[in-house]
Every structure is written in C-alpha cells, then in structure tokens.
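Listing of model-v9.txt, compact mmCIF, C-alpha atoms
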```txt
# COMPACT_ATOMS: atom_id res chain seq x y z
CA MET M 14 -19.17 10.25 -41.94
CA THR M 15 -15.89 8.78 -40.68
CA HIS M 16 -15.23 9.92 -37.15
CA LEU M 17 -11.79 10.50 -35.72
CA ARG M 18 -10.23 7.77 -33.59
CA THR M 19 -10.86 9.09 -30.08
CA LEU M 20 -9.79 7.25 -26.93
CA ALA M 21 -11.89 8.15 -23.86
CA ILE M 22 -9.98 7.89 -20.58
CA ILE M 23 -11.53 8.09 -17.12
CA PRO M 24 -8.77 8.55 -14.52
CA ALA M 25 -9.72 7.12 -11.12
CA ARG M 26 -6.89 6.50 -8.69
CA GLY M 27 -7.60 4.86 -5.36
CA GLY M 28 -6.25 7.49 -2.97
CA SER M 29 -8.18 10.67 -2.21
CA LYS M 30 -7.41 12.80 0.84
CA GLY M 31 -10.29 15.27 0.55
CA VAL M 32 -13.03 12.68 -0.02
CA PRO M 33 -11.90 9.11 0.83
CA HIS M 34 -12.77 6.49 -1.85
CA LYS M 35 -14.34 9.37 -3.80
CA ASN M 36 -14.58 7.66 -7.18
CA ILE M 37 -16.73 4.79 -5.94
CA ARG M 38 -18.63 6.56 -3.16
CA PRO M 39 -22.39 6.06 -3.55
CA VAL M 40 -24.16 9.10 -4.97
CA ALA M 41 -27.94 8.86 -5.49
CA GLY M 42 -27.67 5.09 -5.39
CA LYS M 43 -24.71 4.61 -7.74
CA PRO M 44 -20.91 4.79 -7.46
CA LEU M 45 -19.76 8.30 -8.42
CA ILE M 46 -17.79 6.96 -11.39
CA ALA M 47 -20.96 5.37 -12.82
CA TYR M 48 -22.31 8.69 -14.07
CA THR M 49 -19.23 9.39 -16.18
CA ILE M 50 -19.09 5.83 -17.54
CA GLU M 51 -22.78 5.93 -18.47
CA ALA M 52 -22.44 9.29 -20.24
CA ALA M 53 -19.48 8.00 -22.26
CA LEU M 54 -21.16 4.68 -23.11
CA ALA M 55 -24.11 6.63 -24.52
CA MET M 56 -21.62 8.06 -27.03
CA ARG M 57 -19.76 4.79 -27.67
CA GLU M 58 -20.34 4.97 -31.44
CA ARG M 59 -18.16 8.11 -31.47
CA LEU M 60 -15.36 6.60 -29.37
CA TYR M 61 -12.59 4.20 -30.29
CA ARG M 62 -12.48 2.72 -26.78
CA LEU M 63 -13.55 3.74 -23.29
CA ILE M 64 -11.04 2.86 -20.58
CA VAL M 65 -10.58 3.56 -16.89
CA SER M 66 -7.02 4.24 -15.71
CA THR M 67 -6.75 3.21 -12.06
CA ASP M 68 -4.26 1.79 -9.60
CA ASP M 69 -7.01 0.27 -7.46
CA GLU M 70 -8.42 -3.21 -8.04
CA GLN M 71 -11.70 -2.36 -6.31
CA ILE M 72 -12.26 0.62 -8.63
CA ALA M 73 -11.28 -1.58 -11.59
CA GLU M 74 -13.88 -4.16 -10.62
CA VAL M 75 -16.62 -1.53 -10.27
CA ALA M 76 -15.67 0.04 -13.62
CA ARG M 77 -15.77 -3.29 -15.46
CA ARG M 78 -19.14 -4.10 -13.94
CA LEU M 79 -20.43 -0.76 -15.24
CA GLY M 80 -19.26 -1.49 -18.78
CA ALA M 81 -15.90 0.28 -19.05
CA GLU M 82 -12.64 -1.41 -19.98
CA VAL M 83 -9.74 -1.60 -17.53
CA PRO M 84 -6.95 -2.98 -19.74
CA PHE M 85 -4.19 -2.34 -17.17
CA LEU M 86 -3.60 -1.19 -13.61
CA ARG M 87 -1.77 2.12 -13.45
CA PRO M 88 1.86 1.78 -12.25
CA ALA M 89 2.72 3.04 -8.76
CA GLU M 90 4.83 5.94 -10.08
CA LEU M 91 1.69 7.38 -11.71
CA SER M 92 -0.60 6.89 -8.72
CA GLY M 93 0.41 9.60 -6.24
CA ASP M 94 -1.74 12.63 -5.48
CA ARG M 95 0.96 14.95 -6.89
CA VAL M 96 1.31 13.20 -10.25
CA PRO M 97 0.20 15.53 -13.10
CA MET M 98 -2.58 14.34 -15.40
CA ALA M 99 -0.58 14.49 -18.65
CA PRO M 100 1.77 11.55 -17.83
CA VAL M 101 -1.25 9.46 -16.76
CA LEU M 102 -2.90 10.07 -20.13
CA GLN M 103 0.35 9.49 -22.03
CA HIS M 104 0.74 6.13 -20.31
CA ALA M 105 -2.80 5.10 -21.26
CA VAL M 106 -2.42 6.23 -24.88
CA GLY M 107 0.90 4.42 -25.22
CA ALA M 108 -0.55 1.22 -23.77
CA ILE M 109 -3.58 1.20 -26.08
CA GLU M 110 -1.59 2.09 -29.20
CA VAL M 111 0.84 -0.76 -28.54
CA GLN M 112 -1.94 -3.16 -27.63
CA ASP M 113 -4.02 -2.41 -30.74
CA GLY M 114 -1.29 -1.45 -33.19
CA VAL M 115 -3.02 1.85 -34.00
CA ARG M 116 -2.34 5.57 -33.87
CA LEU M 117 -5.04 7.56 -32.14
CA ASP M 118 -6.31 10.97 -33.26
CA TRP M 119 -7.79 12.48 -30.10
CA VAL M 120 -7.78 11.79 -26.36
CA LEU M 121 -10.90 12.51 -24.33
CA LEU M 122 -10.32 13.03 -20.61
CA LEU M 123 -13.50 12.52 -18.58
CA GLN M 124 -12.99 13.09 -14.86
CA PRO M 125 -15.39 11.13 -12.64
CA THR M 126 -15.70 14.19 -10.40
CA ALA M 127 -18.11 15.76 -12.94
CA PRO M 128 -21.17 13.48 -12.58
CA LEU M 129 -23.70 15.92 -14.09
CA ARG M 130 -22.02 15.99 -17.50
CA ALA M 131 -24.49 14.72 -20.13
CA PRO M 132 -23.91 12.60 -23.26
CA GLU M 133 -24.85 15.61 -25.39
CA ASP M 134 -21.95 17.53 -23.84
CA ILE M 135 -19.54 14.86 -25.02
CA ARG M 136 -21.13 14.85 -28.48
CA ALA M 137 -20.89 18.63 -28.79
CA ALA M 138 -17.22 18.64 -27.77
CA LEU M 139 -16.42 15.90 -30.31
CA ASP M 140 -18.23 17.90 -33.00
CA LEU M 141 -16.07 20.93 -32.20
CA ALA M 142 -12.91 18.84 -32.44
CA GLU M 143 -13.93 17.35 -35.78
CA ARG M 144 -14.27 20.82 -37.29
CA GLY M 145 -10.50 21.11 -36.88
CA GLY M 146 -8.32 24.15 -36.34
CA CYS M 147 -7.66 23.58 -32.66
CA ASP M 148 -5.36 21.65 -30.31
CA SER M 149 -8.03 20.99 -27.70
CA VAL M 150 -11.63 21.48 -26.64
CA ILE M 151 -12.20 22.35 -22.97
CA SER M 152 -15.53 22.70 -21.19
CA VAL M 153 -16.22 25.92 -19.31
CA VAL M 154 -19.04 27.55 -17.35
CA GLN M 155 -19.83 31.26 -17.14
CA VAL M 156 -19.14 32.58 -13.64
CA PHE M 157 -20.60 35.42 -11.64
CA ALA M 158 -19.79 34.79 -7.96
CA VAL M 159 -16.08 34.48 -8.79
CA HIS M 160 -15.95 37.01 -11.62
CA PRO M 161 -12.59 38.87 -11.69
CA ILE M 162 -14.41 42.16 -11.10
CA LEU M 163 -15.07 40.97 -7.53
CA MET M 164 -11.42 40.14 -6.83
CA LYS M 165 -9.53 42.66 -4.70
CA ARG M 166 -6.02 43.21 -3.39
CA ILE M 167 -4.90 44.96 -0.22
CA GLU M 168 -2.15 47.55 -0.55
CA ASN M 169 -1.09 50.00 2.17
CA ASP M 170 -4.20 49.00 4.15
CA ARG M 171 -6.48 49.96 1.24
CA LEU M 172 -8.83 47.67 -0.71
CA LEU M 173 -8.07 48.01 -4.41
CA PRO M 174 -9.22 46.27 -7.62
CA PHE M 175 -7.17 43.17 -8.36
CA CYS M 176 -7.44 43.55 -12.15
CA ILE M 177 -10.83 45.09 -13.11
CA GLU M 178 -12.35 48.13 -11.42
CA GLU M 179 -15.77 47.49 -9.86
CA LYS M 180 -17.96 50.58 -9.88
CA GLU M 181 -20.24 50.78 -6.88
CA GLY M 182 -23.70 49.42 -7.63
CA THR M 183 -22.63 47.28 -10.61
CA ARG M 184 -25.19 44.49 -11.12
CA ARG M 185 -23.90 40.96 -11.71
CA GLN M 186 -25.58 40.84 -15.13
CA ASP M 187 -23.47 43.86 -16.07
CA TYR M 188 -20.08 42.30 -15.22
CA GLN M 189 -17.87 42.87 -18.25
CA PRO M 190 -16.23 41.21 -19.97
CA PRO M 191 -18.05 37.91 -19.32
CA ALA M 192 -15.80 35.46 -17.43
CA TYR M 193 -15.58 31.69 -17.85
CA MET M 194 -13.97 28.99 -15.73
CA ARG M 195 -12.94 25.43 -16.57
CA ASN M 196 -15.52 23.10 -14.99
CA GLY M 197 -13.46 19.89 -15.22
CA ALA M 198 -16.05 17.97 -17.22
CA ILE M 199 -14.39 17.65 -20.66
CA TYR M 200 -10.82 17.88 -21.93
CA LEU M 201 -10.45 16.75 -25.54
CA THR M 202 -6.88 16.89 -26.87
CA ARG M 203 -5.12 16.05 -30.11
CA ARG M 204 -3.08 12.91 -29.63
CA ASP M 205 0.12 14.54 -30.94
CA VAL M 206 -0.25 17.56 -28.64
CA LEU M 207 -0.46 15.24 -25.64
CA MET M 208 2.22 12.76 -26.67
CA GLU M 209 4.77 15.11 -28.26
CA ARG M 210 4.31 18.29 -26.22
CA GLY M 211 3.11 16.75 -22.94
CA SER M 212 0.20 19.20 -22.97
CA ILE M 213 -3.53 18.68 -22.47
CA TRP M 214 -4.39 22.22 -23.55
CA GLY M 215 -2.08 22.97 -26.47
CA GLU M 216 -2.04 26.47 -27.94
CA VAL M 217 -5.40 26.80 -29.69
CA ILE M 218 -8.23 25.90 -27.31
CA ARG M 219 -11.88 25.78 -28.37
CA PRO M 220 -14.29 26.47 -25.50
CA TYR M 221 -17.35 24.33 -24.99
CA LEU M 222 -19.81 26.25 -22.82
CA MET M 223 -21.83 24.19 -20.34
CA PRO M 224 -24.70 25.37 -18.14
CA GLU M 225 -24.17 25.86 -14.42
CA GLU M 226 -26.54 23.03 -13.52
CA ARG M 227 -24.24 20.49 -15.23
CA SER M 228 -20.96 22.00 -14.07
CA LEU M 229 -20.63 20.76 -10.50
CA SER M 230 -17.15 19.38 -9.70
CA ILE M 231 -16.71 17.10 -6.67
CA ASP M 232 -13.89 18.34 -4.43
CA SER M 233 -15.40 18.01 -0.96
CA GLU M 234 -17.96 16.15 1.14
CA LEU M 235 -20.31 19.10 0.66
CA ASP M 236 -20.01 18.78 -3.13
CA LEU M 237 -20.81 15.08 -2.79
CA LYS M 238 -23.98 15.85 -0.82
CA LEU M 239 -25.03 18.47 -3.36
CA ALA M 240 -24.46 16.05 -6.24
CA ASP M 241 -26.54 13.42 -4.43
CA LEU M 242 -29.40 15.89 -4.06
CA LEU M 243 -29.26 17.11 -7.66
CA LEU M 244 -29.03 13.60 -9.15
CA ARG M 245 -31.92 12.34 -7.03
CA GLU M 246 -34.05 15.24 -8.26
CA GLN M 247 -32.93 14.55 -11.82
CA SER M 248 -33.89 10.86 -11.58
CA ARG M 249 -37.42 11.81 -10.53
```
Spit out the file's structure as structure tokens when you get a sec.
Amino acid sequence: MTHLRTLAIIPARGGSKGVPHKNIRPVAGKPLIAYTIEAALAMRERLYRLIVSTDDEQIAEVARRLGAEVPFLRPAELSGDRVPMAPVLQHAVGAIEVQDGVRLDWVLLLQPTAPLRAPEDIRAALDLAERGGCDSVISVVQVFAVHPILMKRIENDRLLPFCIEEKEGTRRQDYQPPAYMRNGAIYLTRRDVLMERGSIWGEVIRPYLMPEERSLSIDSELDLKLADLLLREQSR
C-alpha cells in the first residue's frame, strides 16, 4: 500500500510563561519533548519526515539528539506567544517543499505537551485520513467533569442552565448527549487546507477518540507533576 506523503511537525518554541523551558523540562527522566519524538519515530515508516520547528538552539540540540530533524530555526516573527499555530505550520511546510522539491499530502501536528500519546494513536489517525472524505483528523477525549450539562449562567441573581438543562439527581453516566473535547494530541490536516485556507481544522473533521489516560495536556506545573507520576508508573 502506498501511503500519503505526511510531514510530521513538532512545534517547540523556547519561550513559555506558564511553565518555563516546558518543552525540555525533565519528566520521568526525559525531556518532555522526547515522548512525542519517540511516538512519532515509532511510526516513521508512515511519515515523510519528522521535524521540530523551534526558535531555540538548545531545544534544537535536544531534538536532534533524540532523532528528530531540525532543518531550520523558526524566524523571530513566528516565535511569540501570541503567534497562531497555522502560520508556524505553513512556514514549515513551505520550507520542506522547497528544500525537497515535493508537494506534501498531509501535515501532522504533534504538540510536545501531550506526552502520553501512543504510537498507535498516530497510526489510527493516519488510517482515518487515508480513508479520505475529510479535511482533518483531530483527537478528542470524552468529558464528564466539564460536560455542558454542568455549565450554568447567572441571570437576575438566579442560577440557570447555560445550554442544557440538568435535572436534579442526573448521574454522570447519563449525561446526554455525550460530550467530547480536543485533547491537543493529534491534528492531522490536508496540506491544501492548511496552505490555501490557512486552517488546521477545515470543514469536515474526523474525530479520533482517545482514552482519558492518554489525554493529559501540559499547561501548568501541576500537569507536569502529574505527567511525571503517570509516566514513571507506565515505565514500571
């Protein structure tokens, strides 16, 4: 079977206000970014290339040592904390297409803040993309603690449903309809949707459902500690 030409991109800028040096902070004995690089390398036969897009030479050095390519350093105008992800990916795609003289098919965004993502998650998302009929594949997790049924609004000093009425005594397993949230682990986008529309999602999105235990996203020091604990248990 001939697989589509998919470029995997791990974005890892140097600045992080919430968790300083987040991408290379040690987690269970490895830099955080190592878990994403290792998961992608396990699927290397399905990928055209695996690159890290960074503006930081220290991150670049760590990434190369772990087996990823760092074919360029990201320009300063794409390195701020308010820069959207789409231009960062467009820059990487443009650079690789010029460098290799090719036209890519798909772009796989793997954020290093999702260290519990497994190689089989990447494989499953690629399989969904290869079936066709969609602009993107995005990983999600089913949620209960933040289900919309629990969301309220305050109006005239009264607590009211925000969008779905919650009947008193409703059990969490009875929350309807089931709700899902993006977990940040996998964004797989058609090359043309990204480059021509500037969109990572597109119009037709295929969901890839991941379990809660692989859906942790690192946004705080507490998340980092939790990831360290979970990965240490996993390694045992």
Have a look at M:Phe157, M:Tyr193, M:Trp119, M:Phe175 and name the one nearest to His16 of chain M; count all atoms listed in the file.
M:Trp119
Would you please work out which residue, of M:Tyr61, M:Leu229, M:Val32, M:Met164, is nearest to Arg116 of chain M when using all atoms listed in the file?
M:Tyr61
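Distance check against Thr183 of chain M using only C-alpha atoms: of M:Ile162, M:Ile37, M:Ala47, M:Leu242, the minimum falls on M:Ile162.
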Write out as a PyMOL selection string each polymer residue whose atoms come within 9 Å of segment 195-201 of chain M, counting all atoms listed in the file; drop sequence neighbours fewer than 5 positions from it.
chain M and resi 19+21+119-130+134-135+138-139+142+148-154+213-214+221+223+227-230
Which polymer residues, whether protein, DNA or RNA, lie within 12 Å of the coordinate (0.9, 17.9, -23.1) when you count only C-alpha atoms? List them as a ChimeraX atom specification, using the chain letters and numbers from the file.
/M:97-103,120,148-149,200-216
For Glu70 of chain M, the closest of M:Arg166, M:Arg245, M:Arg26, M:Arg38 counting all atoms listed in the file is M:Arg26
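Residue neighbourhood of Pro191 of chain M, excluding near-sequence residues (fewer than 3 positions): Val154, Gln155, Val156, Phe157, Ala158, Val159, His160, Pro161, Ile162, Ile177, Arg185, Gln186, Asp187, Tyr188 and Met194 of chain M, at 12 Å, using all atoms listed in the file.
In terms of minimum interatomic distance to Ala192 of chain M, M:Leu163 ranks closest within M:Leu163, M:Arg77, M:Gly114, M:Leu239, counting all atoms listed in the file.
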Counting only C-alpha atoms, write as a ChimeraX atom specification all protein and nucleic acid residues lying at most 10 Å from (-18.7, 4.1, -19.7) in the file's frame.
/M:21-23,46-57,62-65,76-77,79-82,123
Interatomic distance, atom CA of Asp140 of chain M to atom CA of Arg219 of chain M (Å, one decimal):
11.1 Å
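Counting from atom CA of Arg144 of chain M, the distance to atom CA of Pro132 of chain M is 18.9 Å.
What separates atom CA of Lys35 of chain M from atom CA of Leu235 of chain M is a distance of 12.3 Å.
Of the listed residues (M:Asp113, M:Asp69, M:Asp118, M:Asp232), M:Asp118 comes nearest to Arg18 of chain M; the distances count only C-alpha atoms.
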Contacts of Asp68 of chain M at 9 Å or less, counting only C-alpha atoms, minus same-chain residues fewer than 2 places along, as an NGL selection string?
:M and (25-28 or 66 or 70 or 72-73 or 85-89 or 91-92)
